[in-house]
$ cat my_file.txt   # compact mmCIF, C-alpha atoms
# COMPACT_ATOMS: atom_id res chain seq x y z
CA MET F 300 147.64 253.12 167.17
CA LYS F 301 151.00 253.39 165.45
CA ARG F 302 150.87 252.32 161.84
CA ARG F 303 153.99 250.19 162.06
CA GLU F 304 152.43 248.19 164.93
CA MET F 305 149.59 246.89 162.80
CA LEU F 306 150.50 244.96 159.69
CA LYS F 307 148.10 243.38 157.30
CA LEU F 308 147.86 241.42 154.10
CA SER F 309 144.76 241.64 151.92
CA ALA F 310 143.89 238.20 150.62
CA GLY F 311 142.37 237.72 147.19
CA PHE F 312 138.81 236.43 146.95
CA VAL F 313 138.61 232.68 146.70
CA CYS F 314 135.76 231.03 144.80
CA VAL F 315 133.55 228.45 146.48
CA SER F 316 135.18 225.50 144.72
CA SER F 317 138.61 226.37 146.15
CA PHE F 318 137.45 227.13 149.68
CA PRO F 319 139.05 224.66 152.13
CA PHE F 320 137.56 221.16 152.16
CA GLY F 321 134.61 222.22 149.97
CA TRP F 322 132.87 224.24 152.68
CA ILE F 323 130.43 226.88 151.49
CA ARG F 324 131.47 230.35 152.51
CA ALA F 325 129.25 233.34 153.15
CA ALA F 326 127.88 234.66 149.87
CA GLU F 327 128.50 238.34 150.54
CA GLY F 328 131.43 238.69 148.16
CA LYS F 329 133.45 240.03 151.09
CA LYS F 330 136.46 238.44 152.75
CA PRO F 331 136.03 237.74 156.48
CA LYS F 332 138.46 239.98 158.36
CA VAL F 333 140.45 238.29 161.12
CA LEU F 334 142.51 240.12 163.76
CA TYR F 335 145.52 238.17 165.02
CA TYR F 336 146.69 239.59 168.37
CA THR F 337 150.08 238.38 169.60
CA GLN F 338 150.98 240.48 172.64
CA SER F 339 153.02 238.85 175.41
CA ALA F 340 153.00 240.22 178.95
CA GLY F 341 154.49 236.95 180.18
CA PHE F 342 156.76 234.53 178.32
CA ARG F 343 157.05 235.42 174.64
CA HIS F 344 157.05 232.35 172.42
CA GLY F 345 159.16 232.04 169.30
CA PRO F 346 156.22 231.90 166.85
CA VAL F 347 155.07 235.36 168.01
CA THR F 348 158.49 237.00 168.32
CA ARG F 349 159.09 239.72 165.75
CA LYS F 350 162.66 240.33 164.60
CA ASN F 351 164.13 243.20 162.61
CA GLY F 352 160.75 244.81 162.18
CA GLU F 353 159.29 241.77 160.40
CA LEU F 354 156.17 239.82 161.22
CA ALA F 355 156.56 236.86 163.58
CA PHE F 356 156.61 233.32 162.19
CA SER F 357 153.03 232.44 163.11
CA GLU F 358 151.80 235.79 161.80
CA LYS F 359 153.31 235.03 158.41
CA VAL F 360 151.80 231.54 158.38
CA LEU F 361 148.32 232.71 159.34
CA MET F 362 148.42 235.50 156.78
CA GLU F 363 149.51 233.05 154.08
CA LEU F 364 146.64 230.73 155.00
CA GLY F 365 144.33 233.73 154.79
CA GLN F 366 145.67 234.61 151.37
CA GLN F 367 145.12 231.04 150.16
CA HIS F 368 141.65 230.58 151.63
CA GLY F 369 139.91 233.92 151.38
CA TYR F 370 140.50 235.74 154.67
CA GLU F 371 141.92 239.18 155.29
CA VAL F 372 144.28 238.73 158.24
CA VAL F 373 145.39 241.74 160.28
CA CYS F 374 148.24 241.26 162.77
CA THR F 375 148.95 243.45 165.78
CA GLN F 376 150.73 243.45 169.12
CA ASP F 377 149.07 246.70 170.20
CA GLY F 378 146.42 246.25 172.88
CA GLY F 379 144.94 249.61 171.93
CA VAL F 380 143.14 247.83 169.11
CA PHE F 381 140.50 246.72 171.62
CA ASP F 382 139.53 250.32 172.24
CA GLY F 383 138.70 250.66 168.55
CA ASP F 384 136.12 249.17 166.19
CA LEU F 385 135.92 245.44 166.91
CA ASP F 386 132.80 244.93 164.83
CA GLN F 387 134.88 245.08 161.65
CA TYR F 388 136.35 241.67 162.55
CA ALA F 389 134.66 238.33 161.92
CA ALA F 390 137.07 236.72 164.39
CA ILE F 391 140.00 237.48 166.67
CA GLY F 392 142.95 235.09 167.02
CA LEU F 393 144.91 235.11 170.29
CA TYR F 394 148.47 233.96 170.91
CA THR F 395 149.00 235.85 174.15
CA SER F 396 150.43 235.46 177.64
CA GLY F 397 150.34 237.18 181.01
CA ASN F 398 148.26 240.08 182.22
CA LEU F 399 147.85 242.01 179.00
CA THR F 400 146.80 245.18 180.83
CA GLN F 401 150.30 245.23 182.36
CA ALA F 402 152.31 244.71 179.18
CA LYS F 403 155.39 246.93 179.07
CA GLU F 404 154.55 248.22 175.61
CA ASN F 405 151.14 248.94 174.08
CA PRO F 406 149.07 247.26 176.82
CA MET F 407 145.43 246.33 176.56
CA THR F 408 143.41 248.74 178.66
CA PRO F 409 141.00 247.41 181.30
CA LYS F 410 138.20 249.01 179.28
CA GLY F 411 139.52 247.33 176.12
CA LYS F 412 139.51 243.95 177.88
CA GLN F 413 135.88 244.37 178.84
CA ARG F 414 134.98 245.60 175.35
CA PHE F 415 136.58 242.45 173.92
CA LEU F 416 134.65 240.15 176.27
CA ASP F 417 131.42 241.98 175.49
CA TRP F 418 132.16 241.70 171.77
CA VAL F 419 132.57 237.94 172.07
CA ALA F 420 129.37 237.52 174.08
CA ALA F 421 127.49 239.55 171.47
CA GLY F 422 128.51 237.15 168.70
CA GLY F 423 132.22 237.56 167.98
CA GLY F 424 134.48 234.64 167.06
CA VAL F 425 137.68 233.71 168.92
CA ILE F 426 140.54 231.33 168.15
CA GLY F 427 143.00 230.82 171.00
CA PHE F 428 146.40 229.30 170.30
CA HIS F 429 148.75 227.62 172.80
CA SER F 430 149.56 230.24 175.46
CA ALA F 431 146.18 231.98 175.24
CA THR F 432 145.38 229.85 178.32
CA ASP F 433 148.47 231.37 180.00
CA THR F 434 146.77 234.78 179.85
CA PHE F 435 145.12 236.52 182.83
CA ARG F 436 145.89 233.58 185.10
CA THR F 437 144.60 233.74 188.67
CA PRO F 438 145.03 231.75 191.91
CA LYS F 439 143.62 228.24 191.96
CA ASP F 440 140.30 229.21 193.56
CA LYS F 441 139.51 232.01 191.07
CA VAL F 442 138.67 232.21 187.37
CA ASP F 443 139.33 235.39 185.41
CA PRO F 444 136.52 236.43 183.01
CA PHE F 445 138.98 235.99 180.10
CA ILE F 446 139.66 232.37 181.13
CA ALA F 447 135.95 231.78 181.67
CA MET F 448 135.40 232.90 178.07
CA LEU F 449 138.25 230.80 176.68
CA GLY F 450 137.29 227.67 178.61
CA GLY F 451 140.43 226.57 180.46
CA GLU F 452 143.68 227.70 182.10
CA PHE F 453 147.33 226.68 181.82
CA ILE F 454 149.03 225.05 184.82
CA SER F 455 152.48 224.02 183.62
CA HIS F 456 154.32 221.97 181.01
CA GLY F 457 157.14 219.46 180.93
CA ALA F 458 159.90 218.76 178.44
CA GLN F 459 158.94 218.71 174.77
CA GLN F 460 158.11 215.17 173.73
CA LYS F 461 156.07 213.08 171.34
CA ALA F 462 152.51 212.56 172.54
CA THR F 463 149.15 211.55 171.16
CA LEU F 464 145.92 213.47 170.67
CA ARG F 465 142.68 211.52 170.32
CA VAL F 466 140.01 212.91 168.00
CA VAL F 467 136.63 212.79 169.76
CA SER F 468 134.64 215.18 167.54
CA PRO F 469 135.42 214.03 163.98
CA LYS F 470 132.47 215.99 162.53
CA PHE F 471 133.83 219.36 163.64
CA PRO F 472 135.04 221.31 160.57
CA GLY F 473 138.48 220.06 159.58
CA ALA F 474 138.65 217.34 162.24
CA TYR F 475 137.55 214.58 159.87
CA LYS F 476 140.96 214.92 158.19
CA LEU F 477 142.79 214.02 161.39
CA GLY F 478 141.87 210.36 161.72
CA LYS F 479 141.07 208.75 165.06
CA GLU F 480 144.29 209.96 166.69
CA PHE F 481 147.67 211.40 165.78
CA SER F 482 151.01 212.05 167.43
CA LEU F 483 153.26 215.10 167.34
CA PHE F 484 156.45 216.32 168.98
CA GLU F 485 155.39 219.43 170.87
CA GLU F 486 155.42 221.32 174.16
CA TRP F 487 152.27 219.97 175.80
CA TYR F 488 150.28 222.08 178.22
CA ALA F 489 148.71 220.74 181.40
CA LEU F 490 145.38 222.53 181.80
CA TYR F 491 142.57 222.90 184.32
CA LYS F 492 139.63 225.17 185.25
CA PHE F 493 137.71 223.72 182.34
CA ALA F 494 134.33 225.23 181.52
CA LYS F 495 131.51 222.77 182.08
CA ASP F 496 130.13 223.35 178.59
CA LEU F 497 133.23 222.45 176.56
CA HIS F 498 132.74 220.58 173.33
CA VAL F 499 136.04 218.68 173.28
CA ILE F 500 137.59 218.04 169.87
CA LEU F 501 141.02 216.65 170.79
CA VAL F 502 141.92 214.83 174.00
CA GLN F 503 145.43 214.86 175.46
CA GLN F 504 146.39 211.22 175.98
CA THR F 505 148.61 211.19 179.07
CA GLU F 506 149.56 207.53 179.30
CA GLY F 507 153.32 207.18 178.84
CA MET F 508 154.06 210.92 178.94
CA GLU F 509 157.09 212.04 180.92
CA GLY F 510 156.68 214.69 183.60
CA PRO F 511 154.70 214.92 186.85
CA MET F 512 152.13 217.33 185.38
CA TYR F 513 151.00 214.62 182.95
CA GLN F 514 150.45 211.88 185.53
CA ARG F 515 146.72 212.36 185.40
CA PRO F 516 143.74 211.10 183.38
CA PRO F 517 143.29 212.36 179.82
CA PHE F 518 142.03 215.95 179.53
CA PRO F 519 140.84 218.38 176.82
CA ALA F 520 143.55 219.84 174.56
CA THR F 521 141.39 221.39 171.83
CA TRP F 522 137.78 222.47 172.16
CA ALA F 523 134.93 224.68 171.05
CA ARG F 524 132.27 226.40 173.14
CA MET F 525 129.63 229.07 172.92
CA HIS F 526 130.17 232.21 174.99
CA GLY F 527 126.84 233.96 174.88
CA LYS F 528 126.28 234.31 171.14
CA GLY F 529 130.02 234.09 170.41
CA ARG F 530 131.92 231.10 169.03
CA VAL F 531 135.14 230.24 170.87
CA PHE F 532 137.79 227.73 169.78
CA TYR F 533 141.05 226.86 171.55
CA THR F 534 143.94 224.51 170.85
CA SER F 535 146.99 223.97 173.03
CA LEU F 536 149.06 223.34 169.89
CA GLY F 537 151.38 225.99 168.49
CA HIS F 538 154.55 226.18 170.58
CA ARG F 539 156.90 225.01 167.84
CA GLU F 540 157.34 226.61 164.44
CA ASP F 541 157.13 223.20 162.73
CA ILE F 542 153.64 222.80 164.17
CA TRP F 543 152.63 225.99 162.38
CA THR F 544 153.83 224.56 159.07
CA ASN F 545 152.20 221.15 159.64
CA LYS F 546 149.79 220.70 156.72
CA GLU F 547 148.60 217.25 157.74
CA TYR F 548 147.10 218.09 161.14
CA PHE F 549 147.51 221.72 162.21
CA HIS F 550 146.36 223.48 159.04
CA PRO F 551 143.10 221.49 158.73
CA LEU F 552 142.41 222.19 162.41
CA VAL F 553 143.02 225.94 162.04
CA LEU F 554 141.07 226.26 158.80
CA GLY F 555 138.15 224.36 160.30
CA ALA F 556 138.21 226.62 163.34
CA LEU F 557 138.32 229.73 161.17
CA ALA F 558 135.33 228.52 159.17
CA TRP F 559 133.35 227.82 162.34
CA VAL F 560 134.17 230.97 164.34
CA THR F 561 133.53 233.20 161.31
CA LYS F 562 130.15 231.44 160.84
CA GLN F 563 130.99 230.08 157.41
CA ALA F 564 130.48 226.56 158.72
CA ASP F 565 128.26 225.20 161.45
CA ALA F 566 128.95 222.42 163.90
CA ASP F 567 127.24 220.63 166.74
CA VAL F 568 129.09 221.87 169.81
CA THR F 569 126.92 220.18 172.42
CA PRO F 570 129.00 219.90 175.62
CA ASN F 571 130.73 216.51 175.79
CA ILE F 572 133.50 217.05 178.36
CA ASP F 573 131.88 214.73 180.91
CA GLN F 574 131.54 211.96 178.35
CA VAL F 575 134.94 212.03 176.62
CA THR F 576 137.13 213.24 179.52
CA PRO F 577 135.14 212.32 182.67
CA HIS F 578 138.14 212.94 184.94
CA ALA F 579 139.41 216.09 183.23
CA ASN F 580 139.78 218.06 186.46
CA GLN F 581 141.55 215.25 188.30
CA LEU F 582 145.17 216.42 188.49
CA SER F 583 146.73 213.09 189.49
CA ARG F 584 146.05 209.45 188.76

$ encode --input "my_file.txt" --output "structure tokens"
Amino acid sequence: MKRREMLKLSAGFVCVSSFPFGWIRAAEGKKPKVLYYTQSAGFRHGPVTRKNGELAFSEKVLMELGQQHGYEVVCTQDGGVFDGDLDQYAAIGLYTSGNLTQAKENPMTPKGKQRFLDWVAAGGGVIGFHSATDTFRTPKDKVDPFIAMLGGEFISHGAQQKATLRVVSPKFPGAYKLGKEFSLFEEWYALYKFAKDLHVILVQQTEGMEGPMYQRPPFPATWARMHGKGRVFYTSLGHREDIWTNKEYFHPLVLGALAWVTKQADADVTPNIDQVTPHANQLSR
């Protein structure tokens, strides 16, 4: 792997009293190491676009959050990382798109993809942002192993607009700060192929949204699930740069997810998709 393709920031140790929201972190005296992988084999979003050799916007934000809250964040767009030592990472963040094994530069190898999935099943932690569900997409009647791990797949999106997310798992780390519901201006994904064991955290409220892809019952927008022994979290948020700087809703959500997937905080992730979004897979009203 080329040195310039992997950039990292070592975060200073943070004492228990300053750890986000008072959670107790692992008492090993060692910062959890998080890999943030932002390769795009499909559409490349602004928050993961590097310019003039600098880190992308979301990379800078995630590294700053790591610095503030006791994580060592490593950023890369080189798929070769998955052929290396994955056990050094407490979690892997994904803001990806397309078939990563067919990326024009530094693709993920098929072996690396399988090593990643095996790593998750063995106990690794994953945080998927926005277009992670637009990765390794398949025809309607198939589900790629990557999507099966993540828990859902992107269909389409409409024009950016203000819409509401309903909080249905307020006890999940960080979610208690979000209230019962909140609204944001964002590019909202329509999703399907939901895993049956999703623990839904945020529900996409579709009533009043503009665009044919949203004329359907409410569906999961943010969730957690277990994949074997691994902890997987996904949120459809993250298209806009101002979402990444949103301290009221996005930062608590991300920090809570980091704490959970790195096993510094526990949560009840009993599947609830049938209870909170009973018509999640119904694509029209």

$ closest_atom_pairs --input "my_file.txt" --of "region 361-440 of chain F" --to "region 477-492 of chain F" --cutoff "10 Å" --atoms "all atoms listed in the file" --output "tab-separated table"
residue	atom	partner	partner_atom	distance
F:His429	CA	F:Tyr488	CA	7.9
F:Ser430	CA	F:Tyr488	CA	8.6
F:Thr432	CA	F:Leu490	CA	8.1
F:Asp433	CA	F:Leu490	CA	9.5
F:Lys439	CA	F:Lys492	CA	8.4
F:Asp440	CA	F:Lys492	CA	9.3

$ residues_around --input "my_file.txt" --residues "Leu449 (chain F)" --least-positions-apart "6" --cutoff "10 Å" --atoms "all atoms listed in the file" --output "list in words"
Val425, Ile426, Gly427, Ala431, Thr432, Thr434, Asp443, Phe493, Ala494, Leu497, Trp522, Ala523, Arg524, Met525, His526, Arg530, Val531, Phe532 and Tyr533 of chain F

$ closest_residue --input "my_file.txt" --among "F:Lys546, F:Arg539, F:Lys461, F:Lys495" --to "Gly507 (chain F)" --atoms "only C-alpha atoms"
F:Lys461

$ closest_residue --input "my_file.txt" --among "F:His578, F:Lys359, F:His498, F:His456" --to "Phe471 (chain F)" --atoms "only C-alpha atoms"
F:His498

$ residues_around --input "my_file.txt" --residues "Phe518 (chain F)" --least-positions-apart "4" --cutoff "7 Å" --atoms "all atoms listed in the file" --output "list in words"
Val502, Gln503, Thr576 and Ala579 of chain F

$ write_last_selection --input "my_file.txt" --atoms "C-alpha atoms" --output "tab-separated table (two decimals), keeping the file's coordinate frame"
chain	number	residue	atom	x	y	z
F	502	VAL	CA	141.92	214.83	174.00
F	503	GLN	CA	145.43	214.86	175.46
F	576	THR	CA	137.13	213.24	179.52
F	579	ALA	CA	139.41	216.09	183.23

$ closest_residue --input "my_file.txt" --among "F:Pro438, F:Pro516, F:Pro409, F:Gly392" --to "Ser357 (chain F)" --atoms "only C-alpha atoms"
F:Gly392

$ atom_distance --input "my_file.txt" --atom1 "CA of Pro570 (chain F)" --atom2 "CA of Ile500 (chain F)"
10.5 Å

$ closest_residue --input "my_file.txt" --among "F:Gln387, F:Ser535, F:Gln459, F:Gln376" --to "Ala402 (chain F)" --atoms "all atoms listed in the file"
F:Gln376

$ atom_distance --input "my_file.txt" --atom1 "CA of Arg349 (chain F)" --atom2 "CA of Val419 (chain F)"
27.3 Å

$ residues_near_point --input "my_file.txt" --point "(133.6, 215.9, 171.8)" --cutoff "8 Å" --atoms "all atoms listed in the file" --output "list in words"
Val467, Ser468, His498, Val499, Ile500, Leu501, Trp522, Val568, Thr569, Pro570, Asn571, Ile572, Gln574 and Val575 of chain F

$ atom_distance --input "my_file.txt" --atom1 "CA of Gly422 (chain F)" --atom2 "CA of Ala558 (chain F)"
14.6 Å

$ residues_near_point --input "my_file.txt" --point "(141.1, 237.9, 157.4)" --cutoff "8 Å" --atoms "only C-alpha atoms" --output "PyMOL selection string"
chain F and resi 309-310+330-334+362+365+369-373+388-389

$ write_last_selection --input "my_file.txt" --atoms "C-alpha atoms" --output "CSV table (one decimal), in the frame of the given file"
chain,number,residue,atom,x,y,z
F,309,SER,CA,144.8,241.6,151.9
F,310,ALA,CA,143.9,238.2,150.6
F,330,LYS,CA,136.5,238.4,152.8
F,331,PRO,CA,136.0,237.7,156.5
F,332,LYS,CA,138.5,240.0,158.4
F,333,VAL,CA,140.4,238.3,161.1
F,334,LEU,CA,142.5,240.1,163.8
F,362,MET,CA,148.4,235.5,156.8
F,365,GLY,CA,144.3,233.7,154.8
F,369,GLY,CA,139.9,233.9,151.4
F,370,TYR,CA,140.5,235.7,154.7
F,371,GLU,CA,141.9,239.2,155.3
F,372,VAL,CA,144.3,238.7,158.2
F,373,VAL,CA,145.4,241.7,160.3
F,388,TYR,CA,136.4,241.7,162.6
F,389,ALA,CA,134.7,238.3,161.9

$ closest_residue --input "my_file.txt" --among "F:Arg584, F:Lys410, F:Lys528, F:Lys329" --to "Pro511 (chain F)" --atoms "only C-alpha atoms"
F:Arg584

$ residues_around --input "my_file.txt" --residues "Thr544 (chain F)" --least-positions-apart "6" --cutoff "10 Å" --atoms "only C-alpha atoms" --output "list in words"
Phe356, Ser357, Val360, Leu361, Gly537 and His550 of chain F

$ residues_around --input "my_file.txt" --residues "Ser583 (chain F)" --least-positions-apart "2" --cutoff "9 Å" --atoms "only C-alpha atoms" --output "JSON, numbers by chain"
{"F": [511, 512, 513, 514, 515, 516, 581]}

$ closest_residue --input "my_file.txt" --among "F:Asp541, F:Thr521, F:Asp377, F:Thr348" --to "Ala556 (chain F)" --atoms "all atoms listed in the file"
F:Thr521

$ decode --input "my_file.txt" --residues "region 351-378 of chain F" --atoms "N, CA, C and O atoms" --output "PDB file, in the first residue's frame"
ATOM      1  N   ASN F 351      -6.555  18.175  -3.984  1.00  0.00           N
ATOM      2  CA  ASN F 351      -5.194  18.708  -3.786  1.00  0.00           C
ATOM      3  C   ASN F 351      -4.398  17.908  -2.762  1.00  0.00           C
ATOM      4  O   ASN F 351      -3.610  18.452  -1.985  1.00  0.00           O
ATOM      5  N   GLY F 352      -4.624  16.590  -2.775  1.00  0.00           N
ATOM      6  CA  GLY F 352      -3.864  15.730  -1.893  1.00  0.00           C
ATOM      7  C   GLY F 352      -4.276  15.779  -0.433  1.00  0.00           C
ATOM      8  O   GLY F 352      -3.607  15.183   0.420  1.00  0.00           O
ATOM      9  N   GLU F 353      -5.361  16.483  -0.126  1.00  0.00           N
ATOM     10  CA  GLU F 353      -5.817  16.592   1.259  1.00  0.00           C
ATOM     11  C   GLU F 353      -6.900  15.554   1.558  1.00  0.00           C
ATOM     12  O   GLU F 353      -7.539  15.019   0.659  1.00  0.00           O
ATOM     13  N   LEU F 354      -7.098  15.285   2.827  1.00  0.00           N
ATOM     14  CA  LEU F 354      -8.182  14.414   3.243  1.00  0.00           C
ATOM     15  C   LEU F 354      -9.529  14.987   2.818  1.00  0.00           C
ATOM     16  O   LEU F 354      -9.696  16.200   2.703  1.00  0.00           O
ATOM     17  N   ALA F 355     -10.496  14.111   2.591  1.00  0.00           N
ATOM     18  CA  ALA F 355     -11.855  14.537   2.267  1.00  0.00           C
ATOM     19  C   ALA F 355     -12.530  15.116   3.510  1.00  0.00           C
ATOM     20  O   ALA F 355     -12.081  14.924   4.642  1.00  0.00           O
ATOM     21  N   PHE F 356     -13.623  15.828   3.280  1.00  0.00           N
ATOM     22  CA  PHE F 356     -14.308  16.540   4.368  1.00  0.00           C
ATOM     23  C   PHE F 356     -14.709  15.596   5.500  1.00  0.00           C
ATOM     24  O   PHE F 356     -14.445  15.866   6.678  1.00  0.00           O
ATOM     25  N   SER F 357     -15.365  14.489   5.172  1.00  0.00           N
ATOM     26  CA  SER F 357     -15.820  13.585   6.223  1.00  0.00           C
ATOM     27  C   SER F 357     -14.648  12.914   6.929  1.00  0.00           C
ATOM     28  O   SER F 357     -14.741  12.580   8.124  1.00  0.00           O
ATOM     29  N   GLU F 358     -13.553  12.698   6.216  1.00  0.00           N
ATOM     30  CA  GLU F 358     -12.363  12.127   6.847  1.00  0.00           C
ATOM     31  C   GLU F 358     -11.829  13.069   7.925  1.00  0.00           C
ATOM     32  O   GLU F 358     -11.487  12.647   9.039  1.00  0.00           O
ATOM     33  N   LYS F 359     -11.782  14.346   7.598  1.00  0.00           N
ATOM     34  CA  LYS F 359     -11.307  15.333   8.567  1.00  0.00           C
ATOM     35  C   LYS F 359     -12.216  15.388   9.782  1.00  0.00           C
ATOM     36  O   LYS F 359     -11.754  15.470  10.923  1.00  0.00           O
ATOM     37  N   VAL F 360     -13.535  15.334   9.542  1.00  0.00           N
ATOM     38  CA  VAL F 360     -14.487  15.400  10.651  1.00  0.00           C
ATOM     39  C   VAL F 360     -14.347  14.179  11.553  1.00  0.00           C
ATOM     40  O   VAL F 360     -14.287  14.300  12.781  1.00  0.00           O
ATOM     41  N   LEU F 361     -14.282  12.986  10.945  1.00  0.00           N
ATOM     42  CA  LEU F 361     -14.201  11.775  11.747  1.00  0.00           C
ATOM     43  C   LEU F 361     -12.890  11.715  12.525  1.00  0.00           C
ATOM     44  O   LEU F 361     -12.857  11.281  13.690  1.00  0.00           O
ATOM     45  N   MET F 362     -11.826  12.188  11.925  1.00  0.00           N
ATOM     46  CA  MET F 362     -10.542  12.204  12.619  1.00  0.00           C
ATOM     47  C   MET F 362     -10.550  13.210  13.772  1.00  0.00           C
ATOM     48  O   MET F 362      -9.981  12.962  14.840  1.00  0.00           O
ATOM     49  N   GLU F 363     -11.225  14.321  13.579  1.00  0.00           N
ATOM     50  CA  GLU F 363     -11.336  15.306  14.659  1.00  0.00           C
ATOM     51  C   GLU F 363     -12.166  14.745  15.814  1.00  0.00           C
ATOM     52  O   GLU F 363     -11.815  14.926  16.984  1.00  0.00           O
ATOM     53  N   LEU F 364     -13.259  14.050  15.486  1.00  0.00           N
ATOM     54  CA  LEU F 364     -14.050  13.413  16.531  1.00  0.00           C
ATOM     55  C   LEU F 364     -13.217  12.370  17.271  1.00  0.00           C
ATOM     56  O   LEU F 364     -13.308  12.231  18.490  1.00  0.00           O
ATOM     57  N   GLY F 365     -12.393  11.644  16.527  1.00  0.00           N
ATOM     58  CA  GLY F 365     -11.509  10.674  17.152  1.00  0.00           C
ATOM     59  C   GLY F 365     -10.534  11.332  18.093  1.00  0.00           C
ATOM     60  O   GLY F 365     -10.299  10.869  19.214  1.00  0.00           O
ATOM     61  N   GLN F 366      -9.968  12.447  17.659  1.00  0.00           N
ATOM     62  CA  GLN F 366      -9.018  13.177  18.482  1.00  0.00           C
ATOM     63  C   GLN F 366      -9.669  13.665  19.768  1.00  0.00           C
ATOM     64  O   GLN F 366      -9.070  13.626  20.842  1.00  0.00           O
ATOM     65  N   GLN F 367     -10.914  14.089  19.674  1.00  0.00           N
ATOM     66  CA  GLN F 367     -11.630  14.634  20.828  1.00  0.00           C
ATOM     67  C   GLN F 367     -12.096  13.553  21.794  1.00  0.00           C
ATOM     68  O   GLN F 367     -12.222  13.809  22.994  1.00  0.00           O
ATOM     69  N   HIS F 368     -12.352  12.342  21.278  1.00  0.00           N
ATOM     70  CA  HIS F 368     -13.018  11.330  22.095  1.00  0.00           C
ATOM     71  C   HIS F 368     -12.236  10.027  22.245  1.00  0.00           C
ATOM     72  O   HIS F 368     -12.795   9.015  22.665  1.00  0.00           O
ATOM     73  N   GLY F 369     -10.954  10.046  21.920  1.00  0.00           N
ATOM     74  CA  GLY F 369     -10.114   8.923  22.273  1.00  0.00           C
ATOM     75  C   GLY F 369     -10.035   7.778  21.293  1.00  0.00           C
ATOM     76  O   GLY F 369      -9.875   6.625  21.702  1.00  0.00           O
ATOM     77  N   TYR F 370     -10.165   8.060  20.000  1.00  0.00           N
ATOM     78  CA  TYR F 370     -10.001   7.046  18.969  1.00  0.00           C
ATOM     79  C   TYR F 370      -8.813   7.411  18.078  1.00  0.00           C
ATOM     80  O   TYR F 370      -8.554   8.591  17.831  1.00  0.00           O
ATOM     81  N   GLU F 371      -8.145   6.399  17.578  1.00  0.00           N
ATOM     82  CA  GLU F 371      -7.152   6.619  16.532  1.00  0.00           C
ATOM     83  C   GLU F 371      -7.821   6.279  15.204  1.00  0.00           C
ATOM     84  O   GLU F 371      -8.175   5.126  14.957  1.00  0.00           O
ATOM     85  N   VAL F 372      -8.032   7.274  14.369  1.00  0.00           N
ATOM     86  CA  VAL F 372      -8.732   7.081  13.108  1.00  0.00           C
ATOM     87  C   VAL F 372      -7.728   7.048  11.961  1.00  0.00           C
ATOM     88  O   VAL F 372      -6.893   7.944  11.824  1.00  0.00           O
ATOM     89  N   VAL F 373      -7.820   6.010  11.155  1.00  0.00           N
ATOM     90  CA  VAL F 373      -6.957   5.829   9.992  1.00  0.00           C
ATOM     91  C   VAL F 373      -7.835   5.891   8.746  1.00  0.00           C
ATOM     92  O   VAL F 373      -8.830   5.169   8.652  1.00  0.00           O
ATOM     93  N   CYS F 374      -7.501   6.744   7.796  1.00  0.00           N
ATOM     94  CA  CYS F 374      -8.305   6.924   6.593  1.00  0.00           C
ATOM     95  C   CYS F 374      -7.588   6.366   5.374  1.00  0.00           C
ATOM     96  O   CYS F 374      -6.386   6.592   5.177  1.00  0.00           O
ATOM     97  N   THR F 375      -8.323   5.669   4.534  1.00  0.00           N
ATOM     98  CA  THR F 375      -7.737   5.148   3.304  1.00  0.00           C
ATOM     99  C   THR F 375      -8.787   5.015   2.204  1.00  0.00           C
ATOM    100  O   THR F 375      -9.974   4.830   2.490  1.00  0.00           O
ATOM    101  N   GLN F 376      -8.324   5.103   0.967  1.00  0.00           N
ATOM    102  CA  GLN F 376      -9.153   4.802  -0.192  1.00  0.00           C
ATOM    103  C   GLN F 376      -8.536   3.649  -0.989  1.00  0.00           C
ATOM    104  O   GLN F 376      -8.886   3.418  -2.144  1.00  0.00           O
ATOM    105  N   ASP F 377      -7.661   2.910  -0.360  1.00  0.00           N
ATOM    106  CA  ASP F 377      -6.950   1.805  -0.982  1.00  0.00           C
ATOM    107  C   ASP F 377      -7.557   0.484  -0.519  1.00  0.00           C
ATOM    108  O   ASP F 377      -7.426   0.099   0.640  1.00  0.00           O
ATOM    109  N   GLY F 378      -8.199  -0.230  -1.441  1.00  0.00           N
ATOM    110  CA  GLY F 378      -8.822  -1.498  -1.105  1.00  0.00           C
ATOM    111  C   GLY F 378      -7.840  -2.574  -0.707  1.00  0.00           C
ATOM    112  O   GLY F 378      -8.232  -3.600  -0.135  1.00  0.00           O
TER     113      GLY F 378
END
